[in-house]
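Participant: Questions regarding the structure given below will be posed in turn.
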Amino acid sequence: MKQSQIFTKTQKENPKDEKSINAILLQRAGFIYKEMAGVYSFLPMGLMVLNKISNIVREEMQAIGGQEVDMAILQPKALWQKTDRWDKGIGLEVMYKVKDEQMEVGLGPTHEEMLTDIIKNHIESFEDLPFSVFQIQTKFRKEARAKSGLLRGREFIMKDFYSFHASTDDFKDFYEKAKQAYLKVFERCGLKAIITEASGGDFTKDFTHEFQVISEVGEDTIYYCDCGGFSQNEEVFDKKVTKCPVCGNELKKAKSIELSHIFSLGTKYSEPLGAFFTDKNGVKAPIIMGCYGIGISRLMGVIVETSNDSHGIIWPKTVAPFACHLLPILSGKEEQDKEILEKANSVYNDLQKKGIGVLYDDRSKKSAGEKFADADLIGIPMRIVVSQKTLEQGGIEIKERNSDNVKIIKLEELHV
RNA sequence: CGGGGUGUGGUGCAAUGGUAGCAUGAGUCUUUUGGGAAGAUUUGAUCCGAGUUCGAAUCUCGGCACCCCGACCA
């Protein structure tokens with residue numbers, strides 16, 4: 001893609017009133033646009049990143065059998081009244097409600113009610129179980145205090161995933177599979193997630209599990225051990241415990257960001273909504289459920305929050321909008337510039353033919369300094385420079401965003 | 001929802017109650033070109049509503065918005 005054709009521009013100055021790194025860098029680089037506190041539009045390159053993240057999540061969900069759907073966002077009031085969540089709890093405190101001349105509806109903050117209602121019309125026997133369903137869509141939640149860029153929004157993109165089982169044992173097996181799938185998702189996104197025991201709020205009395213990433217801007221505090229055998233959220237942590245019950249080392253305390261929260265739902269939704277199946281003995285029983293969320297747009301924010309330097313974003317290869325950023329640096333001499341541009345064009349065409357994503361900074365009026373600064377800000381993992389210097393040395397210059405090493409190589413030697 | 005802070009061109013900043021200025025961006029022209037180039041020229045702003053005053057960006061009241069701390073949080 002040619003940079004001159006992307007309608008967004010970078011900003012030199014930090015936006016006034018933003019303290020959070022992800023909010024500053026994503027806006028300056030033109031990935032997102034703030035509409036209101038906690039409400040952002042995703043611009044072309046922002047959407048590319050979001051799609052990369054979504055695809056990683058989608059692949060891992062499909063790998064454990066998840067079937068993708070896209071449910072309605074408008075929520076029928078009657079459905080939420082069946083679980084007694086319209087007038088209290090999440091329905092009262094979290095759900096946006098909209099009235100027209102005929103009816104009142106909610107904007108989906110989560111989809112247990114809707115999905116349970118859908119599946120009950122399809123599931124009749126134990127032979128129809130188990131299965132799991134996910135979707136990636138915009139959720140709406142009234143946040144008392146939206147903050148920190150993409151980390152806590154009123155409108156945000158979430159992957160919500162639900163599983164349905166005939167027995168608790170089967171649910172537990174799947175729950176473990178989902179945990180492993182989530183670890184893979186975060187690893188592929190370049191993040192080290194710590195599985196942490198937490199409270200399920202009014203959802204469940206049992207511990208639930210959160211996937212936490214250590215970060216100073218996090219809202220949570222966790223006590224954990226590097227051995228990986230122990231981590232608990234402060235809200236459930238017994239302060240008398242000081243050593244890891246698994247390896248015996250001192251526990252560490254850190255602020256962290258919650259990327260995901262997974263729950264055992266039991267029959268909390270299937271019973272009131274009437275989602276029953278007939279078991280092997282011909283007895284009717286409520287379906288056992290689990291639910292598993294990942295904040296997709298929050299994940300994008302967390303990646304920026306944990307991967308940046310004073311010049312800008314450093315995207316991991318797996319989620320970067322492009323694999324490389326091609327910068328022709330002109331010399332001011334007509335003949336040479338023609339040669340430089342020809343070379344840059346041929347590199348661009350070559351990479352495109354190979355299917356390598358490339359952002360081509362073809363802006364003729366930008367100075368070298370500005371192109372470098374923009375490249376650092378946007379944060380594409382590999383920078384390729386074509387200039388008089390590189391022509392003289394018969395190659396192209398490459399530099400990885402997360403390193404200071406610069407080297408001249410032949411185009412054929414490029415690996416991304 | 002409680003507390004604190006802030007609202008001025010697209011962006012970042014200034015302006016004792018008295019001509020809204022600077023930088024940057026954007027447009028045009030010339031010269032430049034390896035880390036946010038130079039000159040010339042053009043463009044563009046006081047969050048909204050009341051009040052005080054001869055006169056309000058500035059003072060008062062009300063509203064709205066944004067940021068931060070806390071409470072809350074599937």
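So you can find residues: chains in the structure tokens are A, B, ... in the order shown, residues in each start at 1, and ligands are numbered from 1 in order.
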Output as a Markdown table one row per residue of chain A within 6 Å of chain B: the closest atom pair and its distance in Å to one decimal place, counting only C-alpha atoms (C1' of nucleotides), sorted by chain and residue number ascending.
Facilitator:
```
| residue | atom | partner | partner_atom | distance |
| --- | --- | --- | --- | --- |
| A:Asp17 | CA | B:C67 | C1' | 4.8 |
| A:Leu330 | CA | B:U33 | C1' | 5.7 |
| A:Ser331 | CA | B:U33 | C1' | 5.3 |
| A:Gly332 | CA | B:U33 | C1' | 5.5 |
| A:Ser367 | CA | B:U33 | C1' | 5.9 |
| A:Gly369 | CA | B:G35 | C1' | 4.1 |
| A:Glu370 | CA | B:G36 | C1' | 4.5 |
```
Participant: Please produce a file of those selected residues containing N, CA and C atoms, as a PDB file, in the first residue's frame.
Facilitator:
```pdb
ATOM      1  N   ASP A  17      -4.094  16.081  27.113  1.00  0.00           N
ATOM      2  CA  ASP A  17      -5.018  15.339  27.963  1.00  0.00           C
ATOM      3  C   ASP A  17      -4.914  13.826  27.880  1.00  0.00           C
ATOM      4  N   LEU A 330      15.493  10.445  -0.975  1.00  0.00           N
ATOM      5  CA  LEU A 330      15.992  11.110  -2.179  1.00  0.00           C
ATOM      6  C   LEU A 330      17.262  11.907  -1.894  1.00  0.00           C
ATOM      7  N   SER A 331      17.986  12.186  -2.968  1.00  0.00           N
ATOM      8  CA  SER A 331      19.273  12.857  -2.812  1.00  0.00           C
ATOM      9  C   SER A 331      19.189  14.323  -3.230  1.00  0.00           C
ATOM     10  N   GLY A 332      18.178  14.677  -3.987  1.00  0.00           N
ATOM     11  CA  GLY A 332      18.069  16.047  -4.475  1.00  0.00           C
ATOM     12  C   GLY A 332      18.646  16.202  -5.870  1.00  0.00           C
ATOM     13  N   SER A 367      10.739  15.021   4.085  1.00  0.00           N
ATOM     14  CA  SER A 367      12.179  14.929   4.273  1.00  0.00           C
ATOM     15  C   SER A 367      12.533  13.561   4.837  1.00  0.00           C
ATOM     16  N   GLY A 369      14.183  12.882   7.498  1.00  0.00           N
ATOM     17  CA  GLY A 369      13.929  12.831   8.938  1.00  0.00           C
ATOM     18  C   GLY A 369      12.494  12.532   9.257  1.00  0.00           C
ATOM     19  N   GLU A 370      11.615  13.144   8.493  1.00  0.00           N
ATOM     20  CA  GLU A 370      10.197  12.952   8.752  1.00  0.00           C
ATOM     21  C   GLU A 370       9.770  11.519   8.440  1.00  0.00           C
TER      22      GLU A 370
END
```
Participant: Pull the alpha helix (DSSP H) assignments for segment 98-282 of chain A out of DSSP run on the backbone, and list those residues as a PDB file with N, CA and C atoms, in the first residue's frame.
Facilitator:
```
ATOM      1  N   GLU A 112     -24.933 -14.294  26.867  1.00  0.00           N
ATOM      2  CA  GLU A 112     -25.390 -15.582  27.417  1.00  0.00           C
ATOM      3  C   GLU A 112     -26.870 -15.815  27.134  1.00  0.00           C
ATOM      4  N   GLU A 113     -27.677 -14.823  27.410  1.00  0.00           N
ATOM      5  CA  GLU A 113     -29.123 -14.970  27.217  1.00  0.00           C
ATOM      6  C   GLU A 113     -29.455 -15.308  25.774  1.00  0.00           C
ATOM      7  N   MET A 114     -28.910 -14.490  24.881  1.00  0.00           N
ATOM      8  CA  MET A 114     -29.274 -14.660  23.480  1.00  0.00           C
ATOM      9  C   MET A 114     -28.839 -16.009  22.928  1.00  0.00           C
ATOM     10  N   LEU A 115     -27.585 -16.378  23.225  1.00  0.00           N
ATOM     11  CA  LEU A 115     -27.083 -17.632  22.662  1.00  0.00           C
ATOM     12  C   LEU A 115     -27.803 -18.837  23.275  1.00  0.00           C
ATOM     13  N   THR A 116     -28.046 -18.790  24.578  1.00  0.00           N
ATOM     14  CA  THR A 116     -28.736 -19.918  25.219  1.00  0.00           C
ATOM     15  C   THR A 116     -30.132 -20.089  24.621  1.00  0.00           C
ATOM     16  N   ASP A 117     -30.753 -18.959  24.355  1.00  0.00           N
ATOM     17  CA  ASP A 117     -32.077 -18.998  23.734  1.00  0.00           C
ATOM     18  C   ASP A 117     -32.013 -19.596  22.327  1.00  0.00           C
ATOM     19  N   ILE A 118     -30.965 -19.250  21.606  1.00  0.00           N
ATOM     20  CA  ILE A 118     -30.819 -19.784  20.246  1.00  0.00           C
ATOM     21  C   ILE A 118     -30.597 -21.292  20.278  1.00  0.00           C
ATOM     22  N   ILE A 119     -29.661 -21.731  21.125  1.00  0.00           N
ATOM     23  CA  ILE A 119     -29.275 -23.144  21.059  1.00  0.00           C
ATOM     24  C   ILE A 119     -30.363 -24.083  21.605  1.00  0.00           C
ATOM     25  N   LYS A 120     -31.212 -23.542  22.465  1.00  0.00           N
ATOM     26  CA  LYS A 120     -32.218 -24.447  23.039  1.00  0.00           C
ATOM     27  C   LYS A 120     -33.186 -24.943  21.974  1.00  0.00           C
ATOM     28  N   THR A 168     -20.402 -32.206  33.932  1.00  0.00           N
ATOM     29  CA  THR A 168     -19.393 -31.338  34.511  1.00  0.00           C
ATOM     30  C   THR A 168     -17.991 -31.796  34.119  1.00  0.00           C
ATOM     31  N   ASP A 169     -17.776 -33.101  34.059  1.00  0.00           N
ATOM     32  CA  ASP A 169     -16.457 -33.601  33.674  1.00  0.00           C
ATOM     33  C   ASP A 169     -16.092 -33.156  32.268  1.00  0.00           C
ATOM     34  N   ASP A 170     -17.062 -33.268  31.398  1.00  0.00           N
ATOM     35  CA  ASP A 170     -16.797 -32.856  30.024  1.00  0.00           C
ATOM     36  C   ASP A 170     -16.506 -31.356  29.964  1.00  0.00           C
ATOM     37  N   PHE A 171     -17.262 -30.593  30.756  1.00  0.00           N
ATOM     38  CA  PHE A 171     -17.007 -29.152  30.810  1.00  0.00           C
ATOM     39  C   PHE A 171     -15.587 -28.883  31.281  1.00  0.00           C
ATOM     40  N   LYS A 172     -15.162 -29.582  32.347  1.00  0.00           N
ATOM     41  CA  LYS A 172     -13.827 -29.338  32.899  1.00  0.00           C
ATOM     42  C   LYS A 172     -12.725 -29.629  31.888  1.00  0.00           C
ATOM     43  N   ASP A 173     -12.909 -30.713  31.133  1.00  0.00           N
ATOM     44  CA  ASP A 173     -11.927 -31.023  30.083  1.00  0.00           C
ATOM     45  C   ASP A 173     -11.826 -29.875  29.091  1.00  0.00           C
ATOM     46  N   PHE A 174     -12.982 -29.396  28.705  1.00  0.00           N
ATOM     47  CA  PHE A 174     -12.987 -28.340  27.701  1.00  0.00           C
ATOM     48  C   PHE A 174     -12.396 -27.046  28.248  1.00  0.00           C
ATOM     49  N   TYR A 175     -12.699 -26.774  29.499  1.00  0.00           N
ATOM     50  CA  TYR A 175     -12.190 -25.570  30.162  1.00  0.00           C
ATOM     51  C   TYR A 175     -10.661 -25.545  30.106  1.00  0.00           C
ATOM     52  N   GLU A 176     -10.059 -26.689  30.330  1.00  0.00           N
ATOM     53  CA  GLU A 176      -8.591 -26.771  30.252  1.00  0.00           C
ATOM     54  C   GLU A 176      -8.096 -26.552  28.825  1.00  0.00           C
ATOM     55  N   LYS A 177      -8.835 -27.099  27.877  1.00  0.00           N
ATOM     56  CA  LYS A 177      -8.466 -26.889  26.463  1.00  0.00           C
ATOM     57  C   LYS A 177      -8.534 -25.418  26.107  1.00  0.00           C
ATOM     58  N   ALA A 178      -9.585 -24.772  26.610  1.00  0.00           N
ATOM     59  CA  ALA A 178      -9.753 -23.351  26.313  1.00  0.00           C
ATOM     60  C   ALA A 178      -8.590 -22.554  26.910  1.00  0.00           C
ATOM     61  N   LYS A 179      -8.173 -22.925  28.124  1.00  0.00           N
ATOM     62  CA  LYS A 179      -7.034 -22.247  28.750  1.00  0.00           C
ATOM     63  C   LYS A 179      -5.804 -22.326  27.857  1.00  0.00           C
ATOM     64  N   GLN A 180      -5.530 -23.533  27.366  1.00  0.00           N
ATOM     65  CA  GLN A 180      -4.342 -23.705  26.517  1.00  0.00           C
ATOM     66  C   GLN A 180      -4.467 -22.903  25.235  1.00  0.00           C
ATOM     67  N   ALA A 181      -5.666 -22.887  24.676  1.00  0.00           N
ATOM     68  CA  ALA A 181      -5.882 -22.126  23.443  1.00  0.00           C
ATOM     69  C   ALA A 181      -5.633 -20.631  23.697  1.00  0.00           C
ATOM     70  N   TYR A 182      -6.061 -20.158  24.869  1.00  0.00           N
ATOM     71  CA  TYR A 182      -5.867 -18.741  25.188  1.00  0.00           C
ATOM     72  C   TYR A 182      -4.396 -18.407  25.366  1.00  0.00           C
ATOM     73  N   LEU A 183      -3.661 -19.326  26.016  1.00  0.00           N
ATOM     74  CA  LEU A 183      -2.228 -19.075  26.160  1.00  0.00           C
ATOM     75  C   LEU A 183      -1.573 -18.946  24.795  1.00  0.00           C
ATOM     76  N   LYS A 184      -2.019 -19.784  23.857  1.00  0.00           N
ATOM     77  CA  LYS A 184      -1.468 -19.704  22.497  1.00  0.00           C
ATOM     78  C   LYS A 184      -1.801 -18.374  21.847  1.00  0.00           C
ATOM     79  N   VAL A 185      -3.038 -17.909  22.022  1.00  0.00           N
ATOM     80  CA  VAL A 185      -3.451 -16.635  21.443  1.00  0.00           C
ATOM     81  C   VAL A 185      -2.525 -15.518  21.920  1.00  0.00           C
ATOM     82  N   PHE A 186      -2.319 -15.461  23.230  1.00  0.00           N
ATOM     83  CA  PHE A 186      -1.534 -14.347  23.761  1.00  0.00           C
ATOM     84  C   PHE A 186      -0.063 -14.462  23.382  1.00  0.00           C
ATOM     85  N   GLU A 187       0.413 -15.695  23.355  1.00  0.00           N
ATOM     86  CA  GLU A 187       1.791 -15.897  22.939  1.00  0.00           C
ATOM     87  C   GLU A 187       1.974 -15.430  21.491  1.00  0.00           C
ATOM     88  N   ARG A 188       1.031 -15.782  20.641  1.00  0.00           N
ATOM     89  CA  ARG A 188       1.132 -15.366  19.237  1.00  0.00           C
ATOM     90  C   ARG A 188       1.065 -13.856  19.097  1.00  0.00           C
ATOM     91  N   SER A 270     -28.933 -21.954  31.598  1.00  0.00           N
ATOM     92  CA  SER A 270     -29.739 -22.961  30.909  1.00  0.00           C
ATOM     93  C   SER A 270     -31.056 -23.218  31.641  1.00  0.00           C
ATOM     94  N   GLU A 271     -31.040 -23.178  32.966  1.00  0.00           N
ATOM     95  CA  GLU A 271     -32.292 -23.447  33.698  1.00  0.00           C
ATOM     96  C   GLU A 271     -33.361 -22.382  33.474  1.00  0.00           C
ATOM     97  N   PRO A 272     -33.068 -21.105  33.793  1.00  0.00           N
ATOM     98  CA  PRO A 272     -34.127 -20.101  33.603  1.00  0.00           C
ATOM     99  C   PRO A 272     -34.548 -19.940  32.150  1.00  0.00           C
ATOM    100  N   LEU A 273     -33.632 -20.209  31.219  1.00  0.00           N
ATOM    101  CA  LEU A 273     -33.973 -20.000  29.813  1.00  0.00           C
ATOM    102  C   LEU A 273     -34.513 -21.282  29.172  1.00  0.00           C
TER     103      LEU A 273
END
```
Participant: Using Å and a single decimal, report how far atom CA of Thr306 of chain A sits from atom CA of His261 of chain A.
Facilitator: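 According to the coordinates, atom CA of His261 of chain A and atom CA of Thr306 of chain A are separated by 19.7 Å.
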Participant: Point out the residue among A:Asp87, A:Glu155, A:Glu18, A:Glu13 with the least atom-to-atom distance to Glu35 of chain A, counting only C-alpha atoms.
Facilitator: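 The closest residue to Glu35 of chain A is A:Glu155.
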Participant: Please provide as a PyMOL selection string all residues within 12 Å of C61 of chain B, with the sequence filter that same-chain residues fewer than 5 positions apart are discarded (counting only C-alpha atoms (C1' of nucleotides)).
Facilitator: chain B and resi 49-52
Participant: Which one is closest to Lys371 of chain A: A:Arg152, A:Arg383, A:Ile6, A:Met1? Count only C-alpha atoms.
Facilitator: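 Result for the nearest residue to Lys371 of chain A: A:Arg383.
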Participant: Find the residues around Val105 of chain A up to 12 Å (only C-alpha atoms (C1' of nucleotides) counted), leave out those fewer than 4 positions away in its own chain, and share them as a PDB file with N, CA and C atoms, in the first residue's frame.
Facilitator:
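out06.pdb, freshly written:
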```pdb
ATOM      1  N   ALA A  72     -27.199 -10.941  17.141  1.00  0.00           N
ATOM      2  CA  ALA A  72     -27.778  -9.600  17.129  1.00  0.00           C
ATOM      3  C   ALA A  72     -27.246  -8.800  18.314  1.00  0.00           C
ATOM      4  N   ILE A  73     -27.092  -7.524  18.092  1.00  0.00           N
ATOM      5  CA  ILE A  73     -26.637  -6.649  19.169  1.00  0.00           C
ATOM      6  C   ILE A  73     -27.831  -6.136  19.972  1.00  0.00           C
ATOM      7  N   LEU A  74     -28.948  -5.865  19.308  1.00  0.00           N
ATOM      8  CA  LEU A  74     -30.147  -5.410  20.030  1.00  0.00           C
ATOM      9  C   LEU A  74     -30.708  -6.577  20.841  1.00  0.00           C
ATOM     10  N   GLN A  75     -30.857  -6.355  22.125  1.00  0.00           N
ATOM     11  CA  GLN A  75     -31.266  -7.420  23.041  1.00  0.00           C
ATOM     12  C   GLN A  75     -32.731  -7.257  23.441  1.00  0.00           C
ATOM     13  N   PRO A  76     -33.532  -8.321  23.246  1.00  0.00           N
ATOM     14  CA  PRO A  76     -34.934  -8.234  23.652  1.00  0.00           C
ATOM     15  C   PRO A  76     -35.057  -8.174  25.182  1.00  0.00           C
ATOM     16  N   LYS A  77     -35.861  -7.276  25.643  1.00  0.00           N
ATOM     17  CA  LYS A  77     -36.040  -7.089  27.086  1.00  0.00           C
ATOM     18  C   LYS A  77     -36.542  -8.373  27.764  1.00  0.00           C
ATOM     19  N   ALA A  78     -37.498  -9.050  27.119  1.00  0.00           N
ATOM     20  CA  ALA A  78     -38.124 -10.228  27.738  1.00  0.00           C
ATOM     21  C   ALA A  78     -37.094 -11.310  28.035  1.00  0.00           C
ATOM     22  N   LEU A  79     -36.121 -11.442  27.146  1.00  0.00           N
ATOM     23  CA  LEU A  79     -35.103 -12.476  27.321  1.00  0.00           C
ATOM     24  C   LEU A  79     -34.292 -12.218  28.589  1.00  0.00           C
ATOM     25  N   TRP A  80     -33.944 -10.990  28.798  1.00  0.00           N
ATOM     26  CA  TRP A  80     -33.131 -10.627  29.968  1.00  0.00           C
ATOM     27  C   TRP A  80     -33.962 -10.656  31.249  1.00  0.00           C
ATOM     28  N   GLN A  81     -35.253 -10.523  31.101  1.00  0.00           N
ATOM     29  CA  GLN A  81     -36.096 -10.620  32.293  1.00  0.00           C
ATOM     30  C   GLN A  81     -36.185 -12.061  32.775  1.00  0.00           C
ATOM     31  N   TRP A  86     -32.459  -7.839  33.729  1.00  0.00           N
ATOM     32  CA  TRP A  86     -32.836  -6.590  33.061  1.00  0.00           C
ATOM     33  C   TRP A  86     -32.884  -5.439  34.071  1.00  0.00           C
ATOM     34  N   GLY A  91     -27.780  -5.719  33.816  1.00  0.00           N
ATOM     35  CA  GLY A  91     -28.796  -5.049  33.000  1.00  0.00           C
ATOM     36  C   GLY A  91     -29.042  -3.629  33.453  1.00  0.00           C
ATOM     37  N   MET A  95     -25.850  -2.219  31.015  1.00  0.00           N
ATOM     38  CA  MET A  95     -26.420  -2.247  29.669  1.00  0.00           C
ATOM     39  C   MET A  95     -26.993  -0.894  29.250  1.00  0.00           C
ATOM     40  N   TYR A  96     -26.621  -0.462  28.070  1.00  0.00           N
ATOM     41  CA  TYR A  96     -27.286   0.704  27.473  1.00  0.00           C
ATOM     42  C   TYR A  96     -28.660   0.263  27.000  1.00  0.00           C
ATOM     43  N   LYS A  97     -29.665   1.071  27.265  1.00  0.00           N
ATOM     44  CA  LYS A  97     -31.014   0.721  26.848  1.00  0.00           C
ATOM     45  C   LYS A  97     -31.565   1.805  25.938  1.00  0.00           C
ATOM     46  N   VAL A  98     -32.305   1.371  24.929  1.00  0.00           N
ATOM     47  CA  VAL A  98     -32.815   2.288  23.921  1.00  0.00           C
ATOM     48  C   VAL A  98     -34.314   2.058  23.791  1.00  0.00           C
ATOM     49  N   LYS A  99     -35.048   3.138  23.729  1.00  0.00           N
ATOM     50  CA  LYS A  99     -36.502   3.032  23.569  1.00  0.00           C
ATOM     51  C   LYS A  99     -36.922   3.616  22.228  1.00  0.00           C
ATOM     52  N   ASP A 100     -37.848   2.967  21.569  1.00  0.00           N
ATOM     53  CA  ASP A 100     -38.494   3.623  20.436  1.00  0.00           C
ATOM     54  C   ASP A 100     -39.981   3.707  20.750  1.00  0.00           C
ATOM     55  N   GLU A 101     -40.811   4.003  19.763  1.00  0.00           N
ATOM     56  CA  GLU A 101     -42.232   4.198  20.031  1.00  0.00           C
ATOM     57  C   GLU A 101     -42.916   2.918  20.502  1.00  0.00           C
TER      58      GLU A 101
END
```
Participant: Of the candidates A:Ile380, A:Ala166, A:Val304, A:Leu50, which one gets nearest to Glu127 of chain A if we count only C-alpha atoms?
Facilitator: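 Under the stated criterion, the closest residue is A:Ala166.
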Participant: Mind pulling up the distance from atom CA of Leu43 of chain A to atom CA of Gln135 of chain A?
Facilitator: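 Between atom CA of Gln135 of chain A and atom CA of Leu43 of chain A the gap works out to 21.7 Å.
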Participant: In Å to one decimal, how far is atom CA of Ala63 of chain A from atom CA of Phe140 of chain A?
Facilitator: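 Interatomic distance here is 27.9 Å.
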Participant: Need the shell around Thr267 of chain A: protein/DNA/RNA residues with any atom at most 10 Å away, counting only C-alpha atoms (C1' of nucleotides). Skip same-chain ones fewer than 4 positions apart. Format as an NGL selection string?
Facilitator: :A and (164 or 271-276 or 285-290)
Participant: Could the residues in this selection be saved with C-alpha atoms as a compact mmCIF listing (two decimals), in the first residue's frame?
Facilitator:
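Output file out_12.txt follows:
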```txt
# COMPACT_ATOMS: atom_id res chain seq x y z
CA PHE A 164 -22.26 -26.41 26.17
CA GLU A 271 -32.29 -23.45 33.70
CA PRO A 272 -34.13 -20.10 33.60
CA LEU A 273 -33.97 -20.00 29.81
CA GLY A 274 -35.14 -23.58 29.45
CA ALA A 275 -32.09 -25.06 27.68
CA PHE A 276 -32.46 -28.74 28.55
CA ALA A 285 -31.36 -32.15 32.42
CA PRO A 286 -30.14 -28.56 32.07
CA ILE A 287 -27.12 -28.00 29.82
CA ILE A 288 -23.82 -27.24 31.59
CA MET A 289 -22.20 -24.07 30.27
CA GLY A 290 -18.93 -22.16 30.31
```
Participant: Running DSSP on the backbone, which parts of segment 289-321 of chain A land in strand (DSSP E), as a ChimeraX atom specification?
Facilitator: /A:289-295,308-309,312-313
Participant: For the selection you just gave me, I'd like the residues written to a file as an mmCIF file, in the first residue's frame, keeping N, CA and C atoms.
Facilitator:
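Resulting contents of part09.cif:
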```
data_model
loop_
_atom_site.group_PDB
_atom_site.id
_atom_site.type_symbol
_atom_site.label_atom_id
_atom_site.label_comp_id
_atom_site.auth_asym_id
_atom_site.auth_seq_id
_atom_site.Cartn_x
_atom_site.Cartn_y
_atom_site.Cartn_z
ATOM 1 N N MET A 289 -22.805 -25.078 31.158
ATOM 2 C CA MET A 289 -22.195 -24.073 30.272
ATOM 3 C C MET A 289 -20.926 -23.450 30.850
ATOM 4 N N GLY A 290 -20.101 -22.955 29.927
ATOM 5 C CA GLY A 290 -18.928 -22.163 30.313
ATOM 6 C C GLY A 290 -18.849 -20.962 29.402
ATOM 7 N N CYS A 291 -18.216 -19.894 29.866
ATOM 8 C CA CYS A 291 -18.015 -18.780 28.948
ATOM 9 C C CYS A 291 -16.630 -18.190 29.115
ATOM 10 N N TYR A 292 -16.132 -17.636 28.006
ATOM 11 C CA TYR A 292 -14.719 -17.321 27.880
ATOM 12 C C TYR A 292 -14.585 -16.065 27.020
ATOM 13 N N GLY A 293 -14.183 -14.965 27.613
ATOM 14 C CA GLY A 293 -14.099 -13.720 26.841
ATOM 15 C C GLY A 293 -12.670 -13.273 26.617
ATOM 16 N N ILE A 294 -12.448 -12.605 25.503
ATOM 17 C CA ILE A 294 -11.172 -11.903 25.284
ATOM 18 C C ILE A 294 -11.508 -10.521 24.749
ATOM 19 N N GLY A 295 -10.950 -9.510 25.353
ATOM 20 C CA GLY A 295 -11.133 -8.151 24.838
ATOM 21 C C GLY A 295 -10.182 -7.920 23.678
ATOM 22 N N ASN A 308 6.740 -0.631 23.068
ATOM 23 C CA ASN A 308 6.935 0.702 22.486
ATOM 24 C C ASN A 308 8.269 1.252 22.982
ATOM 25 N N ASP A 309 8.721 2.336 22.363
ATOM 26 C CA ASP A 309 9.860 3.067 22.921
ATOM 27 C C ASP A 309 9.565 4.562 22.758
ATOM 28 N N GLY A 312 7.976 5.490 19.350
ATOM 29 C CA GLY A 312 6.677 5.026 18.873
ATOM 30 C C GLY A 312 6.397 3.577 19.203
ATOM 31 N N ILE A 313 5.492 3.024 18.399
ATOM 32 C CA ILE A 313 5.019 1.661 18.614
ATOM 33 C C ILE A 313 6.032 0.660 18.057
#
```
Participant: Within 12 Å of U53 of chain B, counting only C-alpha atoms (C1' of nucleotides), which residues show up once you throw out same-chain ones fewer than 5 positions away? Write them as a compact mmCIF listing (two decimals) with C-alpha atoms (C1' of nucleotides), in the first residue's frame, please.
Facilitator:
```
# COMPACT_ATOMS: atom_id res chain seq x y z
C1' G B 17 -10.85 42.84 32.01
C1' G B 18 -8.83 46.56 26.49
C1' C B 59 -14.65 37.60 36.38
C1' U B 60 -19.60 35.08 38.31
```
